[in-house]
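Trainee: Below is one structure. I have some questions about it.
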Amino acid sequence: MRPAGRLVSGAALWLLLAARAVAAIEPISMAISIGAASIITGYFSYCRFAECCPKQRPLNATALQLALEEKLFGQHLAAEVILKALTSFRNNDRPKKPLTLSLHGWAGTGKNFVSQIVAEHLHAKGLKSNFVHLFVSTLHFPHEQQITLYQDQLRKWIRGNVSACASSVFIFDEMDKLHPGVIDAIKPFLDYYEQLEGVSYGKAVFIFLSNAGGDLITQTALEFWRAGRKREDIQLKDLEPVLSVGVFNNKHSGLWRSGLIDRNLIDYFIPFLPLEYSHVKMCVRAELRARGAAVDEDVVTRVAEEMTFFPKDEKIYSDRGCKTVQSRLDIL
Ligand SMILES: *[C@@H]1O[C@H](CO)[C@@H](O)[C@H](O)[C@H]1NC(C)=O
Ligand SMILES: *[C@@H]1O[C@H](CO)[C@@H](O)[C@H](O)[C@H]1NC(C)=O
């Protein structure tokens with residue numbers, strides 16, 4: 001038994017003995033003492049059974065890098081930026097503001113997947129953790145008439161959850177379907193304040209996922225391809241400025257004219273490139289391995305060839321990225 005456990009049993013036993021001594025005289029005190037004993041025992045053993053907010057669980061950068069290399073395909077920019085952003089954020093004991101990442105790209109390029117990997121490396125239980133919160137626009141904030149309600153709710157939830165656990169993670173999926181203005185409700189939390197009403201938000205992580213900007217990213221990728229340049233030569237500086245401006249001017253991005261952008265509160269705009277035939281094959285192989293099946297190259301080719309590719313003439317990029325790989329494998 002670990003020392004903490006011994007201490008707990010010691011305390012519990014002591015209270016129980018005391019309770020017994022009192023019990024001879026007064027049954028009600030005994031009940032109270034036993035209650036107190038179980039509260040103390042309960043408190044100390046709580047973190048063994050339930051999840052506790054990690055004080056400062058160090059980020060295992062090696063493990064994160066490995067996960068990104070093994071599971072994310074065709075996204076050299078996203079992998080590099082995510083690793084860099086998280087390591088430097090976590091190595092800083094007193095970040096001046098929460099980490100805010102905005103992930104952009106078409107469906108199936110790996111945005112959800114990456115946010116899942118990030119969540120798992122910040123909180124062991126990943127998306128199931130009590131400290132990781134996923135908001136889906138069409139599910140949590142569907143009605144345009146209720147924007148004010150959503151804004152109040154969001155502020156309350158974020159304040160409540162960060163008060164309970166400073167390293168809380170908030171993921172906003174389908175940003176492109178979020179009504180304009182909703183997200184600006186949380187702007188103060190993302191800003192450079194040491195504290196707001198006694199709560200400090202510097203250790204929290206906010207991740208926005210969006211299809212907005214997918215067209216701009218594809219355009220740049222195509223330009224590189226047509227110029228005969230390697231995809232891996234695309235650099236963040238080729239895309240990040242285009243993305244932040246494009247998203248700011250796009251009424252359907254969830255960040256239209258958003259104060260988060262003009263106040264520079266988003267730390268990284270992370271582009272997810274459209275996936276090519278070879279990447280789809282990698283997804284199929286990974287999915288087969290994950291299912292414990294042998295990697296049969298015939299199956300891999302068959303699934304990849306069932307996907308549709310664009311633009312019409314060149315047919316370079318998969319329409320839906322790797323999104324339908326699982327269901328296509330199920331059919332086979
Ligand atoms: C970090 O992750 C690597 C790779 O998964 C693992 O081998 C190593 O033991 C981990 N380090 C710590 C301190 O947990
Ligand atoms: C934490 O966020 C969730 C939504 O993910 C919300 O239901 C809950 O009430 C929040 N907790 C607090 C203490 O505000």
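For the structure tokens, the naming scheme is as follows: chains receive sequential letters (A, B, ...) according to their order of presentation, residues are indexed from 1 within each chain, and ligands are indexed from 1 in presentation order.
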Show me which residues sit within 6 Å of ligand 2 when counting only C-alpha atoms and all ligand atoms, and put them as a list in words.

Mentor: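 Every residue with an atom at most 6 Å from ligand 2 is listed here: His133, Lys156, Trp157, Gly160 and Asn161 of chain A.
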
Trainee: Output the selection as a PDB file, in the first residue's frame - N, CA and C atoms for each residue.

Mentor:
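Writing the result to again-v7.pdb gives the following:
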ATOM      1  N   HIS A 133     -13.741  19.205 -23.460  1.00  0.00           N
ATOM      2  CA  HIS A 133     -15.123  19.540 -23.808  1.00  0.00           C
ATOM      3  C   HIS A 133     -15.254  19.735 -25.303  1.00  0.00           C
ATOM      4  N   LYS A 156     -20.370  30.759 -19.098  1.00  0.00           N
ATOM      5  CA  LYS A 156     -20.561  30.097 -17.812  1.00  0.00           C
ATOM      6  C   LYS A 156     -19.809  28.760 -17.782  1.00  0.00           C
ATOM      7  N   TRP A 157     -19.952  27.995 -18.850  1.00  0.00           N
ATOM      8  CA  TRP A 157     -19.295  26.679 -18.910  1.00  0.00           C
ATOM      9  C   TRP A 157     -17.782  26.801 -18.859  1.00  0.00           C
ATOM     10  N   GLY A 160     -16.709  27.989 -15.434  1.00  0.00           N
ATOM     11  CA  GLY A 160     -16.894  26.899 -14.459  1.00  0.00           C
ATOM     12  C   GLY A 160     -15.851  25.810 -14.631  1.00  0.00           C
ATOM     13  N   ASN A 161     -15.637  25.395 -15.847  1.00  0.00           N
ATOM     14  CA  ASN A 161     -14.714  24.286 -16.082  1.00  0.00           C
ATOM     15  C   ASN A 161     -13.258  24.666 -15.864  1.00  0.00           C
TER      16      ASN A 161
END

Trainee: Mind dumping a table of every chain A residue within 9 Å of ligand 1, with the nearest atom pair and its distance in Å to one decimal, using only C-alpha atoms and all ligand atoms, sorted by chain and rising number, as JSON lines?

Mentor:
{"residue": "A:Pro58", "atom": "CA", "partner": "ligand 1", "partner_atom_place_in_ligand_line": "13 (C)", "distance": 8.2}
{"residue": "A:Leu59", "atom": "CA", "partner": "ligand 1", "partner_atom_place_in_ligand_line": "1 (C)", "distance": 8.5}
{"residue": "A:Asn60", "atom": "CA", "partner": "ligand 1", "partner_atom_place_in_ligand_line": "1 (C)", "distance": 4.9}
{"residue": "A:Ala61", "atom": "CA", "partner": "ligand 1", "partner_atom_place_in_ligand_line": "1 (C)", "distance": 7.0}
{"residue": "A:Thr62", "atom": "CA", "partner": "ligand 1", "partner_atom_place_in_ligand_line": "2 (O)", "distance": 5.2}
{"residue": "A:Ala63", "atom": "CA", "partner": "ligand 1", "partner_atom_place_in_ligand_line": "2 (O)", "distance": 4.0}
{"residue": "A:Leu64", "atom": "CA", "partner": "ligand 1", "partner_atom_place_in_ligand_line": "2 (O)", "distance": 7.6}
{"residue": "A:Gln65", "atom": "CA", "partner": "ligand 1", "partner_atom_place_in_ligand_line": "4 (C)", "distance": 8.7}
{"residue": "A:Leu66", "atom": "CA", "partner": "ligand 1", "partner_atom_place_in_ligand_line": "4 (C)", "distance": 7.0}
{"residue": "A:Ala67", "atom": "CA", "partner": "ligand 1", "partner_atom_place_in_ligand_line": "5 (O)", "distance": 8.3}

Trainee: Which residues, written as a PyMOL selection string, have at least one atom at most 7 Å from segment 233-241 of chain A, with only C-alpha atoms counted and residues fewer than 5 positions away on the same chain left out?

Mentor: chain A and resi 77+217+269

Trainee: Write the residues you've just listed into a file as a compact mmCIF listing (two decimals), in the first residue's frame, and include all heavy atoms for each of them.

Mentor:
# COMPACT_ATOMS: atom_id res chain seq x y z
N LEU A 77 2.57 20.08 -42.48
CA LEU A 77 2.45 21.36 -41.78
C LEU A 77 1.75 21.20 -40.44
O LEU A 77 2.23 21.67 -39.41
CB LEU A 77 1.67 22.36 -42.65
CG LEU A 77 2.42 22.88 -43.87
CD1 LEU A 77 1.49 23.72 -44.73
CD2 LEU A 77 3.64 23.68 -43.45
N ILE A 217 -6.72 26.55 -49.31
CA ILE A 217 -5.63 25.58 -49.11
C ILE A 217 -5.46 24.72 -50.37
O ILE A 217 -4.34 24.51 -50.85
CB ILE A 217 -5.93 24.69 -47.88
CG1 ILE A 217 -5.98 25.55 -46.62
CG2 ILE A 217 -4.90 23.60 -47.74
CD1 ILE A 217 -6.56 24.86 -45.40
N PHE A 269 -3.02 29.34 -37.17
CA PHE A 269 -3.96 28.85 -38.18
C PHE A 269 -3.28 27.66 -38.83
O PHE A 269 -2.21 27.81 -39.43
CB PHE A 269 -4.24 29.93 -39.22
CG PHE A 269 -5.11 31.03 -38.69
CD1 PHE A 269 -4.55 32.15 -38.09
CD2 PHE A 269 -6.49 30.94 -38.78
CE1 PHE A 269 -5.35 33.16 -37.58
CE2 PHE A 269 -7.31 31.95 -38.28
CZ PHE A 269 -6.73 33.06 -37.68

Trainee: Identify which of the residues A:Leu273, A:Val182, A:Leu122, A:Leu72 lies closest to Thr87 of chain A, counting only C-alpha atoms when measuring atom-to-atom distances.

Mentor: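 Distance minimum relative to Thr87 of chain A lands on A:Leu122.
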
Trainee: Hey, what's within 12 Å of Ile331 of chain A if we count only C-alpha atoms and toss same-chain stuff fewer than 3 positions away? As JSON, numbers by chain, please?

Mentor: {"A": [299, 302, 303, 306, 324, 325, 326, 327, 328]}

Trainee: Store the residues picked out above, limited to C-alpha atoms, as a short mmCIF file (atom, residue, chain, number, x, y, z; two decimals), in the first residue's frame.

Mentor:
data_model
loop_
_atom_site.label_atom_id
_atom_site.label_comp_id
_atom_site.auth_asym_id
_atom_site.auth_seq_id
_atom_site.Cartn_x
_atom_site.Cartn_y
_atom_site.Cartn_z
CA VAL A 299 -7.84 -4.48 -50.81
CA ARG A 302 -9.57 -1.38 -54.37
CA VAL A 303 -10.68 0.93 -51.57
CA GLU A 306 -13.36 3.66 -55.24
CA THR A 324 -15.20 7.11 -46.10
CA VAL A 325 -12.32 4.65 -45.80
CA GLN A 326 -13.87 2.91 -42.78
CA SER A 327 -17.30 2.40 -44.27
CA ARG A 328 -15.84 1.25 -47.59
#

Trainee: For a quick check of understanding, using only C-alpha atoms, which of A:Val242, A:Gly74, A:Leu68, A:Pro95 has the smallest distance to Gln116 of chain A?

Mentor: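 Checking each candidate against Gln116 of chain A, we get A:Leu68 as the closest.
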